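Q: I'd like to ask you about the structure that follows.
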Amino acid sequence: MVLLQWLEGTRFSDWVLTSMIGFPLMLSLHAVGMAISVGLLIALNLRLLGLFRVISWSFMLRVLGLVWLGLCVNFLSGVALFLPRGAEYVRDPAFITKILLICIGVSITCYLRKMLACQSESWNVNRGAPLQIRFCAVISILVWFGTIMSGRLIAYVGSF
Amino acid sequence: MDLNAAVNWMSETALSGWVTGSPWLWPGLETLHFFGLSVLIGGLVIMDLRVMGYKFGLPLSVVYRIMPLVFAGFAINACTGFLFVMGDPHRYAVNYAFKVKMVLLLCAGLNALWFSWKISPQMKNWTEDTEGSRSIKFVGAASLILWFGVGIHGRLITFFG
């Protein structure tokens, strides 16, 4: 807590919070990174569920590279948005939910990446993935939707 | 009907009252709007990068199959966006970022029309290795830049009003 309060007082935190461009810039980056990572993950998961069947598994594996890029953008912009209000955010139920969901979502994505990389050759190209993979894909879509929702609710906590 | 009268009329509709009536509805619509944005951009990134020449080992005819995703994202956002404007028309009528967003949206729409009428017919026979002309790549790049611009200006509505 002391550390979080110290971080709130740094010049960087002050810049994010009070400068004209700090907060809008970081929020815009956060939205761009979200659109890239979640958007491509939705496409990937729908492919696993059996849509867009003409698109190859190896293509989807390459798309994952861009997903990590989007997630990196959001990690960095997220840290920038967190620092000025860290002590408040760590007690915010919406924020805690969001971080938990991100951990679950990233874990599922790592698992799916591994499965795509070493098993997809044996999957039927004209169908979706095996049942347990499809199950993960559904959970993944729900988890990322929940991440967006809890992230959005951070702006509202205390106002209900 | 001038803008003021239109805005006043919109804010008095039953729909407007419904949108602002429940404290949960607005954040719920925002969540859907963000989700729709992600779906739209996700599909678009795959499409436009291929048009721009990042081949990913895909023939272009295949990339077209991802278009329904883009339309689905757009449909979610057109509906939720319409409800935002109906719910709080006074705010959007004077919002600078919203106006820029609408202009960018129009440009992105015209760019998409140009693509589907003039460029996509040339692409039917593209294989995995075909690369488009410079003007085709330009249209792909313009699409990405314009749609990211739409998203960013939507985010900025909170700040520049």
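By convention here, the chains of the structure tokens are called A, B, ... in the order presented, each chain's residues are numbered starting at 1, and ligands are numbered starting at 1 in the order presented.
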Pull out every residue of chain A sitting within 7 Å of chain B, counting only C-alpha atoms, and send them as a list in words.
A: Pro24, Ser28, Met34, Ala35, Ile36, Val38, Gly39, Leu40, Ile42, Ala43, Phe52, Val54, Ile55, Phe59, Phe145, Ile148, Met149, Arg152 and Leu153 of chain A
Q: Can you pull out the residues contacting B:Leu105? Cut-off 10 Å, using only C-alpha atoms, and skip same-chain residues under 5 positions away; I want them as a list in words.
A: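 Here the answer would be Lys99, Val100, Leu110, Asn111, Leu146, Trp147, Gly149, Val150 and Gly151 of chain B.
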Q: What's the 12 Å shell around A:Ile96, counting only C-alpha atoms, without same-chain residues fewer than 4 positions away, as a list in words?
A: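 Selected residues are Gly86, Glu88, Tyr89, Val90, Arg91, Asp92, Leu100, Leu101, Ile102, Cys103, Thr147, Ser150, Gly151, Leu153, Ile154 and Val157 of chain A.
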Q: Residues of stretch 49-93 of chain B classed as helix (DSSP H, G or I) by DSSP on the backbone are to be reported as a ChimeraX atom specification.
A: /B:49-51,60-87,89-93
Q: What's the separation between atom CA of A:Leu69 and atom CA of B:Leu49, in Å to one decimal place?
A: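 So the two atoms, atom CA of A:Leu69 and atom CA of B:Leu49, lie 14.9 Å apart.
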